[in-house]
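File shown: entry-v5.cif. Contents: mmCIF, C-alpha atoms.
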```
data_data
#
loop_
_atom_site.label_atom_id
_atom_site.label_comp_id
_atom_site.auth_asym_id
_atom_site.auth_seq_id
_atom_site.Cartn_x
_atom_site.Cartn_y
_atom_site.Cartn_z
CA MET A 1 24.10 -0.90 28.67
CA ASN A 2 21.70 -3.83 28.84
CA GLY A 3 22.87 -7.43 28.81
CA LYS A 4 21.50 -8.00 25.35
CA TYR A 5 23.94 -5.57 23.74
CA ILE A 6 26.49 -7.45 21.63
CA GLY A 7 27.82 -4.62 19.46
CA LEU A 8 29.37 -4.90 16.01
CA SER A 9 32.59 -6.75 15.39
CA PHE A 10 35.57 -4.86 13.99
CA TRP A 11 34.95 -6.55 10.62
CA GLU A 12 31.22 -5.79 10.58
CA LYS A 13 31.74 -2.15 11.35
CA LYS A 14 34.60 -1.65 8.90
CA SER A 15 33.10 -3.52 5.93
CA PHE A 16 29.38 -2.93 6.33
CA PHE A 17 28.49 -0.08 8.68
CA SER A 18 31.36 2.40 8.55
CA GLU A 19 30.39 6.06 8.14
CA VAL A 20 26.76 5.44 7.21
CA ASP A 21 25.19 8.66 5.93
CA PHE A 22 21.54 7.59 5.62
CA THR A 23 19.73 4.59 7.07
CA ILE A 24 16.27 3.75 5.74
CA ILE A 25 14.16 1.45 7.90
CA GLY A 26 11.85 -0.59 5.69
CA SER A 27 12.51 -1.83 2.14
CA GLY A 28 8.98 -1.42 0.77
CA ILE A 29 7.84 1.06 -1.89
CA VAL A 30 8.43 4.07 0.39
CA GLY A 31 11.82 2.97 1.68
CA ILE A 32 13.28 1.97 -1.69
CA ASN A 33 12.13 5.21 -3.32
CA ALA A 34 13.58 7.25 -0.47
CA ALA A 35 16.94 5.51 -0.84
CA LEU A 36 16.97 5.90 -4.64
CA HIS A 37 16.13 9.60 -4.34
CA ILE A 38 18.97 10.17 -1.86
CA LYS A 39 21.45 8.43 -4.18
CA GLU A 40 20.21 10.48 -7.12
CA LYS A 41 20.92 13.70 -5.21
CA ASN A 42 24.05 12.40 -3.38
CA PRO A 43 25.71 9.70 -5.53
CA ASN A 44 28.59 9.23 -3.08
CA ALA A 45 26.42 8.89 0.02
CA HIS A 46 26.61 5.64 2.00
CA VAL A 47 22.95 4.58 2.09
CA ILE A 48 21.73 1.39 3.75
CA ILE A 49 18.27 -0.13 4.22
CA LEU A 50 17.31 -2.26 7.22
CA GLU A 51 14.46 -4.70 6.58
CA ALA A 52 12.92 -6.94 9.23
CA GLY A 53 11.73 -9.58 6.79
CA MET A 54 13.32 -11.92 4.30
CA ILE A 55 11.80 -9.63 1.65
CA PRO A 56 9.69 -6.45 2.12
CA SER A 57 7.26 -7.85 4.66
CA GLY A 58 4.47 -5.39 5.46
CA ALA A 59 2.17 -4.54 2.56
CA SER A 60 4.40 -3.82 -0.46
CA THR A 61 4.57 -7.48 -1.53
CA ARG A 62 1.33 -8.57 0.11
CA ASN A 63 -1.23 -6.19 -1.40
CA ALA A 64 -3.80 -6.87 -4.12
CA GLY A 65 -1.94 -5.06 -6.91
CA PHE A 66 -4.47 -2.27 -7.43
CA ALA A 67 -3.32 0.85 -9.28
CA CYS A 68 -6.05 2.98 -7.74
CA PHE A 69 -6.43 6.54 -6.51
CA GLY A 70 -10.00 6.61 -5.20
CA SER A 71 -13.44 5.20 -5.93
CA ILE A 72 -16.20 7.76 -5.97
CA SER A 73 -17.53 6.70 -2.55
CA GLU A 74 -14.02 6.87 -1.07
CA LEU A 75 -13.68 10.47 -2.20
CA LEU A 76 -17.11 11.25 -0.77
CA ASP A 77 -16.03 9.74 2.53
CA ASP A 78 -12.78 11.71 2.49
CA LEU A 79 -14.80 14.92 2.13
CA GLN A 80 -16.36 14.23 5.54
CA ASN A 81 -13.00 14.97 7.21
CA SER A 82 -11.13 17.09 4.66
CA SER A 83 -11.79 20.02 2.35
CA GLU A 84 -12.31 19.54 -1.38
CA ASP A 85 -8.91 21.11 -2.08
CA GLU A 86 -7.23 18.71 0.36
CA VAL A 87 -9.00 15.67 -1.09
CA PHE A 88 -8.12 16.40 -4.71
CA SER A 89 -4.59 17.44 -3.77
CA LEU A 90 -4.14 13.96 -2.32
CA VAL A 91 -5.71 12.41 -5.44
CA GLU A 92 -3.18 14.32 -7.54
CA LYS A 93 -0.33 12.93 -5.43
CA ARG A 94 -1.66 9.41 -5.91
CA TRP A 95 -1.92 9.89 -9.66
CA LYS A 96 1.58 11.34 -9.91
CA GLY A 97 2.85 8.52 -7.73
CA LEU A 98 1.40 5.95 -10.12
CA GLU A 99 2.98 7.78 -13.06
CA ARG A 100 6.35 7.79 -11.28
CA LEU A 101 6.05 4.07 -10.54
CA GLN A 102 5.27 3.27 -14.18
CA LYS A 103 8.26 5.32 -15.32
CA MET A 104 10.64 3.65 -12.85
CA VAL A 105 9.54 0.04 -13.28
CA GLY A 106 8.46 0.11 -16.92
CA GLN A 107 6.99 -3.00 -18.51
CA ARG A 108 7.76 -5.15 -15.48
CA LEU A 109 4.99 -3.32 -13.63
CA GLU A 110 2.57 -5.13 -16.00
CA TYR A 111 0.23 -2.17 -15.73
CA ASP A 112 -3.22 -2.80 -17.20
CA GLU A 113 -5.67 0.13 -17.19
CA CYS A 114 -8.66 -2.21 -17.06
CA GLY A 115 -10.87 0.00 -14.87
CA GLY A 116 -11.82 0.15 -11.22
CA TYR A 117 -15.43 -0.85 -10.54
CA GLU A 118 -17.44 0.06 -7.45
CA LEU A 119 -20.37 -2.25 -6.67
CA PHE A 120 -23.64 -1.21 -5.01
CA THR A 121 -26.33 -3.52 -3.60
CA SER A 122 -29.98 -2.82 -2.76
CA ASN A 123 -28.80 -1.78 0.71
CA ASP A 124 -26.70 1.02 -0.82
CA LYS A 125 -29.48 3.06 -2.46
CA GLU A 126 -28.70 6.32 -0.67
CA LEU A 127 -24.96 5.90 -1.13
CA TYR A 128 -25.41 5.17 -4.82
CA GLN A 129 -27.60 8.26 -5.31
CA ASN A 130 -24.99 10.43 -3.59
CA CYS A 131 -22.25 8.95 -5.77
CA GLU A 132 -24.31 9.32 -8.93
CA GLU A 133 -24.83 13.01 -8.18
CA LYS A 134 -21.07 13.51 -7.81
CA ILE A 135 -20.04 11.91 -11.11
CA GLU A 136 -20.14 15.15 -13.10
CA PRO A 137 -18.50 17.49 -10.54
CA PHE A 138 -15.83 14.90 -9.65
CA ASN A 139 -15.07 14.36 -13.34
CA SER A 140 -14.67 18.10 -13.74
CA ALA A 141 -12.23 18.24 -10.82
CA LEU A 142 -10.24 15.23 -12.07
CA SER A 143 -10.00 16.35 -15.70
CA THR A 144 -7.18 18.80 -14.95
CA ILE A 145 -5.32 16.19 -12.85
CA ILE A 146 -5.64 13.15 -15.09
CA GLY A 147 -6.37 14.64 -18.50
CA LYS A 148 -9.55 12.62 -18.99
CA LYS A 149 -12.98 14.23 -19.24
CA GLU A 150 -14.96 11.22 -18.04
CA VAL A 151 -13.10 9.35 -15.33
CA TYR A 152 -16.24 8.09 -13.56
CA LYS A 153 -19.10 6.50 -15.52
CA LYS A 154 -22.21 4.51 -14.71
CA ALA A 155 -21.68 0.90 -15.77
CA ASP A 156 -24.77 -1.13 -14.85
CA LEU A 157 -24.54 -3.12 -18.08
CA CYS A 158 -21.37 -4.74 -16.70
CA ILE A 159 -23.35 -6.58 -13.99
CA SER A 160 -24.46 -9.30 -16.39
CA THR A 161 -21.16 -9.20 -18.29
CA PHE A 162 -19.24 -10.06 -15.12
CA GLY A 163 -21.91 -12.49 -13.89
CA PHE A 164 -22.41 -10.89 -10.47
CA ASN A 165 -25.38 -11.61 -8.18
CA LYS A 166 -27.13 -9.22 -5.74
CA ILE A 167 -25.54 -6.15 -7.36
CA ASP A 168 -27.87 -3.31 -8.43
CA HIS A 169 -25.44 -0.70 -9.74
CA ILE A 170 -21.83 -0.21 -10.80
CA ILE A 171 -19.80 2.97 -11.22
CA VAL A 172 -16.48 2.55 -13.02
CA ASN A 173 -13.32 4.58 -12.59
CA THR A 174 -11.90 4.33 -16.12
CA ALA A 175 -8.40 5.47 -15.11
CA GLU A 176 -7.65 2.72 -12.58
CA GLY A 177 -6.04 -0.63 -13.25
CA GLN A 178 -3.91 -3.54 -12.12
CA ILE A 179 -0.20 -4.15 -11.56
CA ASN A 180 2.03 -7.12 -10.75
CA THR A 181 3.03 -6.40 -7.15
CA GLY A 182 5.78 -9.02 -6.98
CA SER A 183 7.45 -7.93 -10.20
CA MET A 184 7.21 -4.28 -9.13
CA MET A 185 9.07 -4.87 -5.87
CA ALA A 186 11.66 -7.14 -7.48
CA SER A 187 12.40 -4.35 -9.97
CA LEU A 188 12.70 -1.69 -7.25
CA LEU A 189 15.05 -3.91 -5.23
CA GLU A 190 17.21 -4.44 -8.31
CA LEU A 191 17.33 -0.68 -8.94
CA ALA A 192 18.54 -0.17 -5.37
CA GLN A 193 21.28 -2.76 -5.78
CA GLN A 194 22.40 -1.14 -9.04
CA LYS A 195 22.85 2.14 -7.15
CA ASP A 196 25.01 0.42 -4.50
CA ILE A 197 22.33 0.72 -1.83
CA LYS A 198 22.93 -2.11 0.64
CA ILE A 199 19.82 -3.89 1.95
CA TYR A 200 20.19 -5.90 5.17
CA ASN A 201 17.36 -8.36 5.76
CA GLY A 202 16.41 -9.88 9.09
CA ALA A 203 17.28 -6.56 10.75
CA THR A 204 14.41 -5.76 13.10
CA VAL A 205 14.75 -2.30 14.63
CA ASP A 206 13.86 -2.03 18.30
CA GLN A 207 14.71 1.60 19.04
CA ILE A 208 16.13 4.72 17.40
CA ILE A 209 17.95 7.30 19.49
CA GLU A 210 19.46 10.59 18.39
CA GLU A 211 22.58 11.54 20.34
CA GLU A 212 25.54 13.85 19.70
CA ASN A 213 24.62 14.65 16.08
CA GLN A 214 24.21 11.03 15.08
CA VAL A 215 21.50 8.39 15.20
CA THR A 216 21.98 5.10 17.04
CA ILE A 217 19.76 2.31 15.77
CA HIS A 218 19.20 -0.57 18.19
CA LEU A 219 18.39 -3.90 16.55
CA LYS A 220 16.46 -6.64 18.30
CA ASP A 221 19.43 -9.00 18.02
CA GLY A 222 21.46 -6.62 20.21
CA ARG A 223 23.53 -4.95 17.52
CA ARG A 224 23.71 -1.17 17.29
CA ILE A 225 24.33 0.77 14.11
CA CYS A 226 25.34 4.42 13.90
CA SER A 227 24.14 6.65 11.08
CA LYS A 228 24.17 10.38 10.41
CA LYS A 229 20.46 10.36 9.54
CA ALA A 230 17.57 7.86 9.53
CA LEU A 231 14.15 7.58 7.89
CA VAL A 232 11.44 5.28 9.26
CA ALA A 233 9.39 3.90 6.35
CA THR A 234 7.66 0.95 8.01
CA ASN A 235 4.05 2.16 7.57
CA GLY A 236 1.79 0.06 9.83
CA PHE A 237 4.73 -1.01 12.03
CA ALA A 238 5.79 2.56 12.88
CA LYS A 239 4.27 2.37 16.38
CA ASN A 240 6.80 -0.29 17.28
CA MET A 241 9.36 2.53 17.34
CA PHE A 242 7.22 5.61 18.05
CA ASP A 243 4.40 5.12 20.55
CA THR A 244 2.95 8.59 20.01
CA ILE A 245 2.69 8.53 16.22
CA ASN A 246 -0.88 8.52 14.88
CA VAL A 247 -0.70 5.28 12.89
CA THR A 248 -2.84 2.22 13.52
CA PRO A 249 -1.83 -1.13 12.03
CA ALA A 250 -4.63 -2.79 10.09
CA ARG A 251 -4.45 -6.39 8.94
CA ASN A 252 -6.10 -7.31 5.65
CA GLN A 253 -6.67 -10.98 4.87
CA VAL A 254 -6.47 -12.10 1.26
CA LEU A 255 -7.16 -15.24 -0.76
CA ILE A 256 -6.56 -16.31 -4.33
CA THR A 257 -8.44 -19.06 -6.14
CA LYS A 258 -7.08 -21.69 -8.42
CA GLU A 259 -7.65 -21.06 -12.13
CA ILE A 260 -11.30 -20.77 -13.11
CA PRO A 261 -12.23 -21.78 -16.68
CA ASN A 262 -14.05 -19.08 -18.69
CA LEU A 263 -13.75 -16.48 -15.93
CA LYS A 264 -15.85 -13.43 -16.84
CA VAL A 265 -14.46 -11.04 -14.23
CA LYS A 266 -11.76 -8.64 -15.46
CA GLY A 267 -10.73 -5.48 -13.65
CA THR A 268 -10.36 -4.21 -10.09
CA PHE A 269 -13.43 -4.06 -7.86
CA HIS A 270 -14.48 -2.39 -4.61
CA TYR A 271 -17.49 -3.38 -2.54
CA ASP A 272 -19.08 -2.24 0.75
CA ALA A 273 -17.35 1.16 0.99
CA GLY A 274 -14.04 -0.40 -0.01
CA TYR A 275 -13.87 -2.88 2.89
CA TYR A 276 -13.88 -5.68 0.30
CA TYR A 277 -11.85 -5.67 -2.89
CA PHE A 278 -11.16 -8.19 -5.62
CA ARG A 279 -9.63 -8.54 -9.05
CA ASN A 280 -8.76 -11.12 -11.62
CA VAL A 281 -5.20 -12.39 -11.86
CA ARG A 282 -5.49 -13.85 -15.33
CA ASN A 283 -8.05 -16.62 -14.71
CA ARG A 284 -7.99 -16.49 -10.92
CA ILE A 285 -9.84 -14.29 -8.44
CA LEU A 286 -7.86 -12.49 -5.76
CA PHE A 287 -10.20 -11.36 -2.98
CA GLY A 288 -9.43 -9.56 0.27
CA GLY A 289 -10.78 -7.41 3.08
CA GLY A 290 -13.42 -7.85 5.75
CA ARG A 291 -11.52 -6.18 8.58
CA ASN A 292 -14.70 -4.18 9.38
CA LEU A 293 -16.24 -7.46 10.67
CA ASN A 294 -13.96 -7.33 13.71
CA PRO A 295 -11.97 -4.06 13.80
CA THR A 296 -10.47 -4.70 17.24
CA GLN A 297 -9.15 -8.08 16.14
CA GLU A 298 -7.81 -6.74 12.85
CA ASN A 299 -6.11 -3.61 14.24
CA THR A 300 -2.95 -5.61 14.71
CA SER A 301 0.56 -5.85 13.31
CA GLU A 302 0.45 -9.65 13.59
CA PHE A 303 0.18 -11.57 10.34
CA GLY A 304 -2.32 -14.41 10.08
CA THR A 305 -5.84 -15.39 9.06
CA THR A 306 -9.00 -15.90 11.11
CA LYS A 307 -11.95 -18.21 10.67
CA ASP A 308 -14.63 -15.50 10.77
CA ILE A 309 -13.15 -13.50 7.89
CA GLN A 310 -12.19 -16.58 5.89
CA THR A 311 -15.79 -17.79 6.14
CA GLN A 312 -17.19 -14.42 5.06
CA LEU A 313 -14.89 -14.04 2.05
CA GLN A 314 -15.73 -17.53 0.81
CA LYS A 315 -19.46 -16.87 1.31
CA MET A 316 -19.28 -13.65 -0.74
CA LEU A 317 -17.30 -15.39 -3.47
CA LYS A 318 -20.01 -18.03 -3.77
CA GLU A 319 -23.07 -15.77 -3.46
CA ILE A 320 -22.00 -12.51 -5.17
CA ILE A 321 -18.83 -12.72 -7.25
CA LEU A 322 -18.93 -16.28 -8.65
CA PRO A 323 -22.57 -17.33 -8.09
CA GLN A 324 -22.72 -19.86 -10.92
CA GLN A 325 -19.17 -21.14 -10.94
CA THR A 326 -17.25 -23.69 -8.95
CA PHE A 327 -13.91 -22.61 -7.49
CA GLU A 328 -11.18 -23.76 -5.15
CA ILE A 329 -9.06 -21.60 -2.84
CA ASP A 330 -5.37 -21.91 -3.67
CA MET A 331 -3.71 -19.63 -1.07
CA TRP A 332 -4.39 -17.36 1.93
CA TRP A 333 -2.18 -14.58 3.30
CA SER A 334 -2.37 -11.25 5.08
CA GLY A 335 -0.75 -7.83 4.85
CA ILE A 336 -0.41 -4.98 7.34
CA LEU A 337 -1.62 -1.50 6.38
CA GLY A 338 -1.00 1.76 8.22
CA VAL A 339 -4.18 3.80 8.73
CA GLY A 340 -5.35 6.81 10.72
CA ASP A 341 -8.11 9.34 11.21
CA VAL A 342 -7.37 10.90 7.80
CA LYS A 343 -5.87 9.53 4.59
CA GLU A 344 -2.99 12.02 4.45
CA PRO A 345 0.39 10.31 5.03
CA ILE A 346 2.61 11.37 7.93
CA ILE A 347 5.86 12.81 6.58
CA LYS A 348 7.74 14.70 9.26
CA LYS A 349 10.87 14.96 11.35
CA THR A 350 10.73 13.57 14.87
CA SER A 351 14.12 15.12 15.67
CA GLU A 352 16.93 16.86 13.83
CA ASN A 353 18.24 13.74 12.08
CA ILE A 354 15.27 11.34 12.22
CA ALA A 355 12.18 11.48 10.00
CA VAL A 356 9.14 9.28 9.39
CA ALA A 357 7.24 8.62 6.16
CA VAL A 358 4.33 6.38 7.10
CA ARG A 359 0.52 5.90 7.10
CA MET A 360 -0.29 5.13 3.48
CA GLY A 361 -3.97 4.53 4.30
CA GLY A 362 -4.23 1.55 1.95
CA MET A 363 -2.92 3.60 -1.01
CA GLY A 364 0.75 2.64 -0.78
CA VAL A 365 1.04 1.50 -4.40
CA ALA A 366 -0.24 4.86 -5.63
CA ILE A 367 1.37 7.28 -3.21
CA GLY A 368 4.32 5.35 -1.77
CA SER A 369 6.92 6.47 -4.30
CA LEU A 370 6.20 10.17 -3.73
CA VAL A 371 6.06 9.73 0.05
CA GLY A 372 9.52 8.18 -0.11
CA VAL A 373 10.84 11.15 -2.07
CA GLU A 374 9.32 13.66 0.37
CA GLY A 375 10.70 11.77 3.36
CA ALA A 376 14.17 11.72 1.82
CA ASP A 377 13.99 15.45 1.07
CA LEU A 378 13.32 16.12 4.75
CA LEU A 379 16.59 14.43 5.70
CA MET A 380 18.57 16.20 2.98
CA ASP A 381 17.37 19.72 3.91
#
```

structure tokens encoding of this file:
Amino acid sequence: MNGKYIGLSFWEKKSFFSEVDFTIIGSGIVGINAALHIKEKNPNAHVIILEAGMIPSGASTRNAGFACFGSISELLDDLQNSSEDEVFSLVEKRWKGLERLQKMVGQRLEYDECGGYELFTSNDKELYQNCEEKIEPFNSALSTIIGKKEVYKKADLCISTFGFNKIDHIIVNTAEGQINTGSMMASLLELAQQKDIKIYNGATVDQIIEEENQVTIHLKDGRRICSKKALVATNGFAKNMFDTINVTPARNQVLITKEIPNLKVKGTFHYDAGYYYFRNVRNRILFGGGRNLNPTQENTSEFGTTKDIQTQLQKMLKEIILPQQTFEIDMWWSGILGVGDVKEPIIKKTSENIAVAVRMGGMGVAIGSLVGVEGADLLMD
């Protein structure tokens, strides 16, 4: 027993942490969906969620609000490491995840199927040709998943419509769109509360140990909580608890402008193989990315912004996205993704009563709800 151990008081244990059946670590999209699924299958189960932040603090409330499942170049890149069946199986999971999210959250998701546009410059000629050649076969593969015959289309006429500079070609994914990330998470948290799922904020987990058919969860403040089963749903922070798990934290820095009169840009946009992404939020531009400028620096679970990426994002705003408009930056923030060698999430047991559901690969909005369900199912087997 280390000196930091303070234990639970009699009152804490009796009123809050007595006979806990399932503990979910992380109250983001994955964690909330896991908890809701458990309560749906076991209405009388005592389910709690431990969250390190004041609110979900990794990526679920700090992302760009893209309802996306894959630009054409992203799918091409995925095919370098995975078979076609594996790639489109993952696309199907993302699509079904988005459908599930829309059904759960309803109008508060503020879903707008405004299209996802991929931008190509003069330096991307070979990439564009490869993508152009895949439009027809990819559309054929997606038609059975999405129910649309033409998901991907060439959209060069949109370059002048949006007012972009230095862009030669655009390919649009007509089935992608935008959501309101904050409203989505507020709705999911409310759903959890309605199902009597207790969420404890400021509870940073230091260690999880399975012993004598129960799980002991060590918090950084010295408290220890016992639970029959536990699911780790902390995505990019998973390595804080499991050194050997194949998840790398990746920080993405994001800005949003103040309102821009007569803004022409509407939709979600990917640029430079997806390392940059932007969208309109009504009459503002939200713009993020650039971690490829300094991967070592940005492979971190520390929040924050850096001068090199801030400078690059502002330069691209001025020269490419808003070349003939004045703008002011309103806010900066960052979020932490969980990435790996492949895009497939990690959903597995690490012991009899502990499971992980992590590594969303930047697609947490799309796939997070289904990953939560699959992680919960592992614990209920």

Find the residues around Ile24 (chain A) up to 7 Å (all atoms listed in the file counted), leave out those fewer than 6 positions away in its own chain, and share them as a VMD selection string.
chain A and resid 31 35 48 to 50 230 to 233

Could you check which of A:Gln312, A:Gly222, A:Ile170, A:Ala238 is closest to Ala357 (chain A), using only C-alpha atoms?
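Residue with the minimum atom-to-atom distance to Ala357 (chain A): A:Ala238.
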
Neighbour list for Ala52 (chain A) as a ChimeraX atom specification, cut-off 8 Å, only C-alpha atoms, skip fewer than 4 positions in-chain
/A:26,56-57,201-205

Tell me which of A:Phe164, A:Phe242, A:Phe22, A:Tyr117 sits closest to Leu317 (chain A), counting all atoms listed in the file.
A:Phe164

Residues selected by the PyMOL selection byres ((chain A and resi 321) around 9), written as a count of residues only:
13

Nearest to Lys307 (chain A): which of A:Asn246, A:Thr144, A:Asn294, A:Gln207 is it, counting only C-alpha atoms?
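For Lys307 (chain A), the nearest of the candidates is A:Asn294.
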
Rank A:Gln102, A:Ala141, A:Glu344, A:Glu132 by their smallest atom-to-atom distance to Ser187 (chain A), using all atoms listed in the file, and report the top residue only.
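Ranked by minimum distance to Ser187 (chain A), first place goes to A:Gln102.
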
Starting from the shown file, work through the PyMOL selection byres ((chain A and resi 333) around 6) and note down what comes out as a ChimeraX atom specification.
/A:253-254,332,334

On this structure, which residues satisfy the PyMOL selection byres ((chain A and resi 376) around 9), written as number ranges by chain?
A: 33-35, 37-38, 231, 355, 357, 371-375, 377-381

In Å to one decimal, how far is CA of Leu191 (chain A) from CA of Phe237 (chain A)?
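So the answer is 24.5 Å.
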
Of the candidates A:Thr244, A:Gln178, A:Asn235, A:Gln129, which one gets nearest to Gly267 (chain A) if we count all atoms listed in the file?
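Using all atoms listed in the file, the shortest distance to Gly267 (chain A) belongs to A:Gln178.
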